[in-house]
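Reproduced below: query-v1.txt, with compact mmCIF, C-alpha atoms.
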```
# COMPACT_ATOMS: atom_id res chain seq x y z
CA LEU N 1 -77.91 66.85 -21.81
CA ILE N 2 -78.44 63.58 -19.98
CA ARG N 3 -81.43 65.00 -18.12
CA ALA N 4 -82.86 66.33 -21.39
CA ALA N 5 -82.46 62.94 -23.06
CA ALA N 6 -84.17 61.17 -20.15
CA ALA N 7 -87.01 63.71 -20.18
CA ARG N 8 -87.54 63.35 -23.93
CA ALA N 9 -87.42 59.55 -23.81
CA PRO N 10 -89.12 58.48 -20.55
CA GLU N 11 -89.88 55.07 -22.07
CA ASP N 12 -86.23 54.38 -22.91
CA PRO N 13 -84.63 52.42 -20.05
CA VAL N 14 -81.12 53.13 -21.32
CA CYS N 15 -81.60 56.90 -20.93
CA GLN N 16 -82.98 56.43 -17.42
CA VAL N 17 -80.13 54.14 -16.36
CA ILE N 18 -77.51 56.53 -17.74
CA LEU N 19 -79.13 59.40 -15.86
CA GLY N 20 -79.17 57.38 -12.64
CA ARG N 21 -75.54 56.37 -12.99
CA TRP N 22 -74.47 59.93 -13.75
CA LEU N 23 -76.28 61.17 -10.66
CA MET N 24 -74.52 58.55 -8.54
CA THR N 25 -71.16 59.90 -9.72
CA ARG N 26 -72.31 63.34 -8.63
CA ILE N 27 -73.21 61.99 -5.20
CA PHE N 28 -69.70 60.67 -4.80
CA ASN N 29 -68.12 63.89 -6.04
CA GLU N 30 -64.81 64.36 -4.26
CA ASP N 31 -65.76 67.71 -2.80
CA GLN N 32 -68.88 66.24 -1.21
CA VAL N 33 -66.90 63.38 0.31
CA THR N 34 -63.86 65.25 1.56
CA LYS N 35 -65.49 68.60 2.41
CA PRO N 36 -69.00 67.84 3.58
CA SER N 37 -71.16 70.90 4.07
CA GLU N 38 -74.87 71.47 4.47
CA GLU N 39 -75.11 72.48 0.81
CA SER N 40 -73.21 69.42 -0.41
CA ARG N 41 -75.42 67.17 1.71
CA ARG N 42 -78.52 68.86 0.30
CA LEU N 43 -77.24 68.29 -3.25
CA ALA N 44 -76.46 64.65 -2.44
CA ARG N 45 -80.02 64.12 -1.17
CA THR N 46 -81.46 65.81 -4.27
CA HIS N 47 -79.30 63.72 -6.60
CA GLY N 48 -80.12 60.57 -4.63
CA MET N 49 -83.88 61.05 -4.95
CA GLU N 50 -83.55 61.86 -8.65
CA ALA N 51 -81.34 58.78 -9.25
CA ARG N 52 -83.80 56.56 -7.42
CA ALA N 53 -86.66 57.87 -9.57
CA ALA N 54 -84.62 57.26 -12.74
CA PHE N 55 -83.80 53.67 -11.84
CA ASP N 56 -87.41 53.00 -10.82
CA GLN N 57 -88.58 54.39 -14.15
CA ALA N 58 -86.11 52.21 -16.08
CA VAL N 59 -87.40 49.07 -14.35
CA ALA N 60 -91.03 50.14 -14.72
CA VAL N 61 -90.80 50.57 -18.50
CA ALA N 62 -88.55 47.53 -19.04
CA PRO N 63 -89.10 44.98 -16.25
CA ALA N 64 -87.25 42.32 -18.25
CA ASP N 65 -84.16 44.52 -18.79
CA ILE N 66 -81.49 42.85 -16.67
CA ASP N 67 -79.16 45.85 -16.75
CA ALA N 68 -81.87 48.13 -15.35
CA ARG N 69 -82.44 45.63 -12.54
CA ILE N 70 -78.76 45.33 -11.73
CA GLN N 71 -78.18 49.09 -11.79
CA ARG N 72 -81.10 49.69 -9.43
CA MET N 73 -79.81 46.92 -7.19
CA ILE N 74 -76.37 48.58 -7.07
CA PHE N 75 -78.01 51.90 -6.16
CA HIS N 76 -79.82 50.37 -3.21
CA TRP N 77 -76.74 48.40 -2.22
CA MET N 78 -74.84 51.68 -1.93
CA ARG N 79 -77.81 53.11 -0.07
CA SER N 80 -77.60 50.24 2.45
CA CYS N 81 -74.01 51.35 3.09
CA GLY N 82 -75.23 54.84 3.97
CA SER N 83 -74.43 56.38 0.60
CA CYS N 84 -76.56 57.88 -2.17
CA GLY N 85 -77.64 60.84 -0.07
CA LEU N 86 -81.11 59.52 0.73
CA PRO N 87 -82.79 59.81 4.13
CA GLU N 88 -82.42 56.57 6.05
CA GLU N 89 -86.11 55.91 6.62
CA ASP N 90 -88.75 55.25 4.01
CA GLU N 91 -92.05 53.40 4.01
CA PHE N 92 -90.38 49.98 3.88
CA THR N 93 -87.53 50.44 6.35
CA ALA N 94 -89.89 52.09 8.84
CA SER N 95 -92.12 48.99 8.74
CA LYS N 96 -89.23 46.67 9.65
CA PRO N 97 -88.27 47.64 13.21
CA ARG N 98 -86.57 44.27 13.77
CA ASP N 99 -84.03 44.89 11.03
CA SER N 100 -81.18 47.36 11.04
CA PHE N 101 -81.44 49.99 8.32
CA ASN N 102 -78.92 48.34 6.00
CA VAL N 103 -80.54 44.90 6.36
CA ALA N 104 -83.99 46.39 5.70
CA ILE N 105 -82.63 47.90 2.45
CA LEU N 106 -81.03 44.60 1.44
CA ARG N 107 -84.21 42.66 2.20
CA GLY N 108 -86.68 45.13 0.70
CA TYR N 109 -84.85 46.40 -2.36
CA VAL N 110 -81.65 44.51 -3.20
CA LEU N 111 -82.92 40.93 -2.88
CA PRO N 112 -86.09 41.39 -5.01
CA ASP N 113 -84.08 42.80 -7.91
CA LEU N 114 -81.45 40.07 -7.47
CA ARG N 115 -84.10 37.35 -7.63
CA LYS N 116 -85.65 38.85 -10.76
CA ALA N 117 -82.25 39.24 -12.38
CA ILE N 118 -81.53 35.56 -11.73
CA GLN N 119 -84.85 34.62 -13.36
CA LEU N 120 -83.70 36.59 -16.41
CA ALA N 121 -80.18 35.09 -16.33
CA PRO N 122 -80.40 31.79 -14.42
CA ASP N 123 -76.86 30.72 -15.34
CA ASP N 124 -75.13 33.90 -14.14
CA PHE N 125 -73.09 32.56 -11.23
CA ARG N 126 -72.14 36.07 -10.07
CA LEU N 127 -75.78 36.89 -9.38
CA ILE N 128 -76.33 33.56 -7.61
CA ALA N 129 -73.27 34.12 -5.45
CA LEU N 130 -74.36 37.65 -4.55
CA ARG N 131 -77.89 36.48 -3.73
CA THR N 132 -76.42 33.78 -1.47
CA TRP N 133 -74.28 36.30 0.37
CA VAL N 134 -77.04 38.91 0.77
CA THR N 135 -79.57 36.28 1.88
CA VAL N 136 -77.13 34.99 4.50
CA ILE N 137 -76.75 38.52 5.89
CA CYS N 138 -80.53 38.99 6.07
CA GLU N 139 -81.29 35.56 7.52
CA HIS N 140 -78.56 35.78 10.11
CA SER N 141 -79.68 39.23 11.29
CA SER N 142 -83.29 38.10 11.79
CA SER N 143 -82.56 34.89 13.70
CA ASP N 144 -82.06 34.49 17.43
CA GLU N 145 -80.55 31.03 17.05
CA SER N 146 -76.96 30.72 15.96
CA ARG N 147 -74.16 28.18 15.84
CA ASP N 148 -70.54 29.27 15.65
CA GLY N 149 -71.69 32.86 15.22
CA MET N 150 -74.03 32.02 12.33
CA SER N 151 -77.76 31.30 12.43
CA GLU N 152 -79.00 27.93 11.20
CA SER N 153 -81.23 29.55 8.56
CA ALA N 154 -78.28 31.56 7.25
CA ARG N 155 -76.14 28.42 7.15
CA ARG N 156 -78.84 26.59 5.16
CA GLU N 157 -78.98 29.47 2.67
CA ALA N 158 -75.22 29.40 2.23
CA VAL N 159 -75.11 25.64 1.71
CA SER N 160 -77.99 25.80 -0.78
CA GLY N 161 -76.28 28.57 -2.74
CA LEU N 162 -73.04 26.61 -2.84
CA GLU N 163 -74.85 23.55 -4.18
CA ASN N 164 -76.36 25.61 -7.00
CA LEU N 165 -72.95 27.07 -7.84
CA ARG N 166 -71.32 23.64 -7.81
CA ARG N 167 -73.87 22.34 -10.31
CA LEU N 168 -73.08 25.26 -12.62
CA ALA N 169 -69.33 24.64 -12.29
CA MET N 170 -69.61 20.92 -13.04
CA SER N 171 -71.92 21.43 -16.02
CA SER N 172 -69.80 24.13 -17.66
CA SER N 173 -67.71 23.22 -20.70
CA SER N 174 -65.43 26.23 -20.13
CA PRO N 175 -62.49 25.71 -17.74
CA ALA N 176 -62.26 29.47 -17.21
CA ARG N 177 -65.92 29.72 -16.22
CA SER N 178 -65.67 26.71 -13.90
CA ALA N 179 -62.56 28.21 -12.33
CA ALA N 180 -64.40 31.48 -11.70
CA ILE N 181 -67.29 29.63 -10.05
CA TYR N 182 -65.01 27.57 -7.80
CA GLU N 183 -63.22 30.78 -6.88
CA VAL N 184 -66.41 32.53 -5.79
CA MET N 185 -67.48 29.39 -3.90
CA ALA N 186 -64.22 29.49 -1.97
CA MET N 187 -64.80 33.15 -1.13
CA ILE N 188 -68.28 32.40 0.23
CA GLN N 189 -66.98 29.49 2.27
CA ILE N 190 -64.19 31.41 3.95
CA THR N 191 -66.18 34.60 4.58
CA THR N 192 -69.57 33.23 5.64
CA LEU N 193 -69.23 29.59 6.66
CA ARG N 194 -65.70 29.90 8.05
CA ASP N 195 -65.02 26.63 6.25
CA SER N 196 -61.28 26.88 5.70
CA ALA N 197 -60.89 23.31 4.43
CA GLY N 198 -63.72 23.65 1.91
CA ALA N 199 -62.44 27.06 0.79
CA ALA N 200 -58.92 25.70 0.29
CA GLU N 201 -60.28 22.77 -1.74
CA ASN N 202 -62.40 24.90 -4.08
CA ALA N 203 -59.66 27.50 -4.49
CA ALA N 204 -57.30 24.67 -5.45
CA LEU N 205 -59.80 23.45 -8.07
CA ALA N 206 -59.99 26.97 -9.50
CA LEU N 207 -56.20 27.18 -9.74
CA VAL N 208 -55.93 23.79 -11.43
CA MET N 209 -58.30 24.97 -14.15
CA GLN N 210 -56.88 28.48 -14.42
CA PRO N 211 -53.60 29.09 -12.53
CA GLU N 212 -53.63 32.86 -12.99
CA ARG N 213 -56.53 33.69 -10.66
CA PRO N 214 -55.27 36.06 -7.93
CA LYS N 215 -58.41 35.86 -5.78
CA ALA N 216 -58.37 32.06 -5.76
CA TRP N 217 -54.69 32.18 -4.89
CA ALA N 218 -55.33 34.61 -2.00
CA VAL N 219 -58.24 32.55 -0.66
CA ARG N 220 -56.24 29.32 -0.74
CA ALA N 221 -53.33 30.94 1.07
CA ALA N 222 -55.65 32.47 3.69
CA ALA N 223 -57.56 29.19 4.13
CA LEU N 224 -54.40 27.14 4.63
CA GLU N 225 -53.09 29.68 7.13
CA GLU N 226 -56.41 29.88 8.99
CA SER N 227 -56.63 26.10 9.31
CA GLY N 228 -53.08 25.88 10.63
CA GLN N 229 -51.73 23.88 7.68
CA THR N 230 -48.32 25.59 7.80
CA ASP N 231 -46.35 22.97 5.86
CA GLU N 232 -48.98 22.86 3.09
CA LEU N 233 -49.03 26.67 2.96
CA ILE N 234 -45.23 26.90 2.67
CA ASP N 235 -45.23 24.29 -0.11
CA PHE N 236 -48.03 26.18 -1.90
CA LEU N 237 -46.17 29.50 -1.64
CA GLU N 238 -42.86 28.02 -2.81
CA ARG N 239 -44.52 26.45 -5.85
CA THR N 240 -46.26 29.75 -6.56
CA LEU N 241 -42.97 31.67 -6.38
CA GLN N 242 -41.50 29.40 -9.04
CA ARG N 243 -44.24 30.58 -11.38
CA THR N 244 -45.11 34.08 -10.12
CA ASN N 245 -42.46 36.09 -8.29
CA THR N 246 -44.46 38.98 -6.80
CA VAL N 247 -44.23 41.25 -3.77
CA THR N 248 -47.50 39.86 -2.39
CA VAL N 249 -46.34 36.23 -2.46
CA ARG N 250 -42.95 37.15 -0.98
CA LEU N 251 -44.55 39.03 1.92
CA ILE N 252 -46.98 36.24 2.75
CA ARG N 253 -44.07 33.81 2.67
CA ALA N 254 -42.21 36.15 5.04
CA LYS N 255 -45.17 36.30 7.42
CA VAL N 256 -45.45 32.50 7.51
CA ALA N 257 -41.72 32.16 8.17
CA ASP N 258 -41.90 34.76 10.93
CA ARG N 259 -44.84 33.09 12.66
CA SER N 260 -43.15 29.69 12.49
CA GLY N 261 -40.00 31.00 14.18
CA ARG N 262 -37.75 31.35 11.11
CA PRO N 263 -36.59 35.00 11.24
CA ALA N 264 -33.74 34.53 8.75
CA ILE N 265 -36.16 33.32 6.05
CA ALA N 266 -38.56 36.14 6.91
CA ARG N 267 -35.80 38.71 6.43
CA GLU N 268 -34.71 37.06 3.17
CA GLN N 269 -38.26 37.21 1.77
CA VAL N 270 -38.81 40.84 2.80
CA ASN N 271 -35.51 41.81 1.17
CA ALA N 272 -36.57 40.00 -2.01
CA ALA N 273 -39.90 41.85 -1.97
CA GLN N 274 -38.12 45.20 -1.64
CA ARG N 275 -35.82 44.36 -4.52
CA LEU N 276 -38.89 43.70 -6.67
CA ASN N 277 -40.41 47.08 -5.75
CA PRO N 278 -38.48 49.41 -3.40
CA ASP N 279 -41.48 51.77 -3.19
CA ASP N 280 -44.02 49.15 -2.07
CA LEU N 281 -45.36 50.34 1.29
CA ARG N 282 -46.37 46.84 2.35
CA ALA N 283 -42.76 45.68 1.95
CA ARG N 284 -41.56 48.80 3.76
CA ALA N 285 -43.90 48.16 6.68
CA CYS N 286 -42.64 44.57 6.97
CA ASP N 287 -39.03 45.76 6.79
CA ILE N 288 -39.68 48.32 9.54
CA ALA N 289 -41.34 45.69 11.74
CA LEU N 290 -38.36 43.35 11.41
CA ARG N 291 -35.84 46.14 12.04
CA LEU N 292 -37.67 47.19 15.19
CA ARG N 293 -37.21 43.68 16.60
CA GLU N 294 -33.46 43.70 16.14
CA PRO N 295 -30.96 45.28 18.55
CA ALA N 296 -30.28 48.74 17.15
CA SER N 297 -27.91 51.61 17.75
CA PRO N 298 -29.28 55.13 18.29
CA GLU N 299 -28.31 55.94 14.72
CA GLU N 300 -30.26 52.96 13.38
CA ILE N 301 -33.29 53.93 15.48
CA THR N 302 -33.14 57.38 13.88
CA ARG N 303 -32.99 55.84 10.41
CA ILE N 304 -35.98 53.62 11.21
CA GLY N 305 -37.91 56.69 12.34
CA GLU N 306 -37.12 58.45 9.06
CA SER N 307 -38.32 55.42 7.11
CA ILE N 308 -41.57 55.34 9.11
CA GLN N 309 -42.27 59.02 8.54
CA ASP N 310 -41.51 58.74 4.82
CA SER N 311 -43.87 55.75 4.54
CA LEU N 312 -46.63 57.59 6.41
CA GLY N 313 -46.21 60.51 4.02
CA ARG N 314 -46.78 58.20 1.05
CA LEU N 315 -49.77 56.41 2.58
CA GLY N 316 -52.37 58.91 1.31
CA THR N 317 -51.56 58.16 -2.33
CA TRP N 318 -51.02 54.40 -1.96
CA GLU N 319 -53.07 52.17 -4.26
CA PRO N 320 -55.00 49.96 -3.83
CA THR N 321 -56.90 51.92 -1.23
CA SER N 322 -58.08 48.67 0.40
CA ASP N 323 -54.53 48.20 1.77
CA ARG N 324 -54.50 51.58 3.52
CA PRO N 325 -56.28 50.62 6.78
CA VAL N 326 -53.88 47.74 7.48
CA LEU N 327 -50.87 49.84 6.51
CA SER N 328 -52.12 52.68 8.70
CA GLU N 329 -52.45 50.29 11.64
CA ASN N 330 -49.03 48.71 11.13
CA LEU N 331 -47.18 51.98 10.57
CA GLY N 332 -48.98 53.61 13.51
CA VAL N 333 -47.84 50.80 15.80
CA ALA N 334 -44.33 51.16 14.35
CA VAL N 335 -44.31 54.85 15.34
CA ALA N 336 -45.29 53.94 18.91
CA VAL N 337 -42.67 51.18 19.18
CA HIS N 338 -40.06 53.52 17.69
CA TYR N 339 -40.78 56.11 20.39
CA ALA N 340 -40.50 53.38 23.05
CA PHE N 341 -37.10 52.26 21.76
CA ALA N 342 -35.99 55.89 21.81
CA GLY N 343 -37.04 56.08 25.48
CA GLU N 344 -39.95 58.43 24.83
CA TRP N 345 -42.61 56.34 26.57
CA LYS N 346 -45.19 59.10 27.00
CA GLN N 347 -45.22 59.82 23.27
CA ALA N 348 -45.33 56.08 22.52
CA ARG N 349 -48.47 55.63 24.61
CA GLU N 350 -50.13 58.73 23.14
CA VAL N 351 -49.51 57.56 19.57
CA LEU N 352 -50.84 54.09 20.37
CA GLU N 353 -53.99 55.56 21.93
CA THR N 354 -54.61 57.47 18.70
CA VAL N 355 -54.03 54.37 16.56
CA SER N 356 -56.24 52.29 18.87
CA ALA N 357 -59.11 54.76 18.45
CA ARG N 358 -58.92 54.25 14.67
CA HIS N 359 -58.66 50.46 14.96
CA PRO N 360 -60.63 49.59 18.13
CA ASP N 361 -60.96 45.87 17.31
CA SER N 362 -57.27 45.19 16.73
CA GLU N 363 -55.93 42.44 19.00
CA TYR N 364 -52.43 43.31 17.78
CA ILE N 365 -52.76 46.88 19.12
CA ARG N 366 -54.16 45.61 22.43
CA GLN N 367 -51.09 43.41 22.88
CA ILE N 368 -48.71 46.28 22.16
CA SER N 369 -50.70 48.54 24.52
CA ALA N 370 -50.29 45.98 27.31
CA ILE N 371 -46.54 45.98 26.75
CA LEU N 372 -46.26 49.78 26.74
CA ALA N 373 -48.38 50.00 29.89
CA VAL N 374 -45.61 48.28 31.87
CA ASP N 375 -43.23 50.46 33.88
CA PRO N 376 -40.32 51.20 31.48
CA GLU N 377 -37.80 50.48 34.24
CA ARG N 378 -38.94 46.85 34.09
```
Just dump the structure as C-alpha cells.
Amino acid sequence: LIRAAAARAPEDPVCQVILGRWLMTRIFNEDQVTKPSEESRRLARTHGMEARAAFDQAVAVAPADIDARIQRMIFHWMRSCGSCGLPEEDEFTASKPRDSFNVAILRGYVLPDLRKAIQLAPDDFRLIALRTWVTVICEHSSSDESRDGMSESARREAVSGLENLRRLAMSSSSPARSAAIYEVMAMIQITTLRDSAGAAENAALALVMQPERPKAWAVRAAALEESGQTDELIDFLERTLQRTNTVTVRLIRAKVADRSGRPAIAREQVNAAQRLNPDDLRARACDIALRLREPASPEEITRIGESIQDSLGRLGTWEPTSDRPVLSENLGVAVAVHYAFAGEWKQAREVLETVSARHPDSEYIRQISAILAVDPER
C-alpha cells in the first residue's frame, strides 16, 4: 500500500518519506540482523537502494521541506555506520580516497542536508549542535595537525558552534529551551573538546533552569569526576539524592566513595540501590564486585558464582541496551575473578581472554589480566 501510494503520488514528499522510513524498518528487520544470510543481505541492499531513491525524490520535489531533508540525512547517517544495506562505494565516496568511508558519507551527504535544514530552521539548536559535531568529525579526520588529540580546524569548528549555541541560549525567553541548549553544549564540550570544566559549568546552568534534566545531570557528574573535583562531586550527588533517590545516583555515589577509599559508604550506597530495585543488573554487578573484594568462605564464593550466572542470564533482556556492553565487561571480569578465588586459575585466564577479545581497549581488563598472569602460588 505504501509503495502504491508513493507511485501514485510521486510529487508528494510525505508519501516518499513514509516509503523511505518503512523501507528502513525492513532493513533493520530482526531476522536480517540476528540471522544474516545471503538472501537477507540481498533484500537489505534492495530496500536500501529503494529507500535512497524515495528520500532523494522527496527532497527533489520539495527542497524546502525540512522533514524530507532531515529524514534523508538520517538515512545517510545510518549508512555511514554501515547500515541501510547499500554498497560502501558510490561516485562520491570513491572520489574521496583521503577520507574513510563513514567520513566521506558524512561530508558528502549528511552535512549538505544539515546545512540546508539549518537555513530552513536557523533557530533549531539541535540541528546546529549536530552540524557542529559532524563537522568536527570531518575536519579532524582530514587534518594532519592536532593538539591534544584534536585538530586545530576541528577545535575551531567546535568553538564556533558553541558560540552560536550560547547566543541562542541567552536570547531565549524559555528557561526550558535555554536549559536544553546548555545541556547540549555541555555534551559537546565533554565529548569533543574534553573540556570538563566548561561542560560542568554549562550542565550546572541547565540544571539551575530545569533541575529534571537527566543528561545534564549525567554530564555534570562525569565532568566533575573527570576533572578530579571529588569533593564537589560528592556534594553534588548528596544534594541530588535529597531530591531524586534513584539507582543511578546511588551507584555513582558508591563508585566515588570506592575510588576515594571509603568502602563502608560504597557498600551502604550499593545496598540502598538494591533496595530501590533488586532486579537492577547494574546494582547487582556493583554488589558482586564488592563481595569479591571481601574475604569469603567457600560457601559465599559459591553464592557469588550463582549470582553472577543469574545476572549473565538476564543480560540479554536488560534495557537500556546501551548499558549491556559495560555490564558484559564487568560481569565477565567477575566470572574470571570468581574462578581465581575458587582456585581454578586456568578457567579464570580462559574467561578473561574471551572477555578481553570482546573489549580489547579496556584498561580495567588489562590490569586484571596482569594479576591473573602471576604464579598463583605467589
Among the residues N:His47, N:Asp12, N:Phe75, N:Asn102, the one that comes closest to N:Ala60 [using only C-alpha atoms]: N:Asp12
Residue nearest N:Arg243 - candidates N:Glu212, N:Ala54, N:Glu294, N:Ala64, atoms counted: only C-alpha atoms: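 Counting only C-alpha atoms, the residue closest to N:Arg243 is N:Glu212.
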Given all atoms listed in the file as the counted atoms, nearest of N:Asp258, N:Ala158, N:Val208, N:Arg107 to N:Thr132: N:Ala158
Coordinates of box centre and edge lengths for stretch 128-131 of chain N, 6 Å on every side, axis-aligned, as AutoDock Vina command-line options:
```
--center_x -75.6 --center_y 35.6 --center_z -5.7 --size_x 16.6 --size_y 16.1 --size_z 15.9
```
Top pick for closest residue to N:Arg69, considering N:Arg45, N:Arg115, N:Arg213, N:Arg26 and counting all atoms listed in the file: N:Arg115
Atom pair atom CA of N:Gly20 / atom CA of N:Val110: separation (Å):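 For atom CA of N:Gly20 relative to atom CA of N:Val110, the distance reads 16.2 Å.
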Within-12 Å shell of (-82.3, 39.2, -8.7) in input frame, only C-alpha atoms, as an MDAnalysis selection string: chainID N and resid 63:74 106:122 124:132 134:135
Contacts of stretch 309-313 of chain N at 8 Å (all atoms listed in the file; same-chain gap of 6+ positions) as JSON, numbers by chain: {"N": [281, 284, 285, 328, 331]}
Just want the 10 Å neighbourhood of stretch 266-268 of chain N, counted on all atoms listed in the file, with same-chain residues fewer than 4 positions away dropped. Output as a PDB file with C-alpha atoms, in the frame of the given file.
```
ATOM      1  CA  ARG N 250     -42.950  37.150  -0.980  1.00  0.00           C
ATOM      2  CA  LEU N 251     -44.550  39.030   1.920  1.00  0.00           C
ATOM      3  CA  ILE N 252     -46.980  36.240   2.750  1.00  0.00           C
ATOM      4  CA  ARG N 253     -44.070  33.810   2.670  1.00  0.00           C
ATOM      5  CA  ALA N 254     -42.210  36.150   5.040  1.00  0.00           C
ATOM      6  CA  LYS N 255     -45.170  36.300   7.420  1.00  0.00           C
ATOM      7  CA  VAL N 256     -45.450  32.500   7.510  1.00  0.00           C
ATOM      8  CA  ALA N 257     -41.720  32.160   8.170  1.00  0.00           C
ATOM      9  CA  ASP N 258     -41.900  34.760  10.930  1.00  0.00           C
ATOM     10  CA  ARG N 259     -44.840  33.090  12.660  1.00  0.00           C
ATOM     11  CA  SER N 260     -43.150  29.690  12.490  1.00  0.00           C
ATOM     12  CA  GLY N 261     -40.000  31.000  14.180  1.00  0.00           C
ATOM     13  CA  ARG N 262     -37.750  31.350  11.110  1.00  0.00           C
ATOM     14  CA  ALA N 272     -36.570  40.000  -2.010  1.00  0.00           C
ATOM     15  CA  ALA N 273     -39.900  41.850  -1.970  1.00  0.00           C
ATOM     16  CA  CYS N 286     -42.640  44.570   6.970  1.00  0.00           C
ATOM     17  CA  ASP N 287     -39.030  45.760   6.790  1.00  0.00           C
ATOM     18  CA  LEU N 290     -38.360  43.350  11.410  1.00  0.00           C
ATOM     19  CA  ARG N 291     -35.840  46.140  12.040  1.00  0.00           C
TER      20      ARG N 291
END
```
Point-to-point distance from atom CA of N:Ala342 to atom CA of N:Pro298, Å rounded to tenths: 7.6 Å
Residue among N:Asn277, N:Cys138, N:Asp123, N:Gln57 lying closest to N:Ile105, counting only C-alpha atoms: N:Cys138
Pick from N:Ala296, N:Leu207, N:Arg52, N:Val249, whichever lies nearest to N:Trp77 using only C-alpha atoms: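 Counting only C-alpha atoms, the residue closest to N:Trp77 is N:Arg52.
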N:Leu23 surroundings by all atoms listed in the file, 9 Å radius, close-in-sequence under 4 positions cut, as a PyMOL selection string: chain N and resi 18-19+27-28+44+47-48+50-51
Å distance separating atom CA of N:Ala180 from atom CA of N:Thr246, one decimal place: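 Atom-to-atom, atom CA of N:Ala180 and atom CA of N:Thr246 are spaced 21.9 Å apart.
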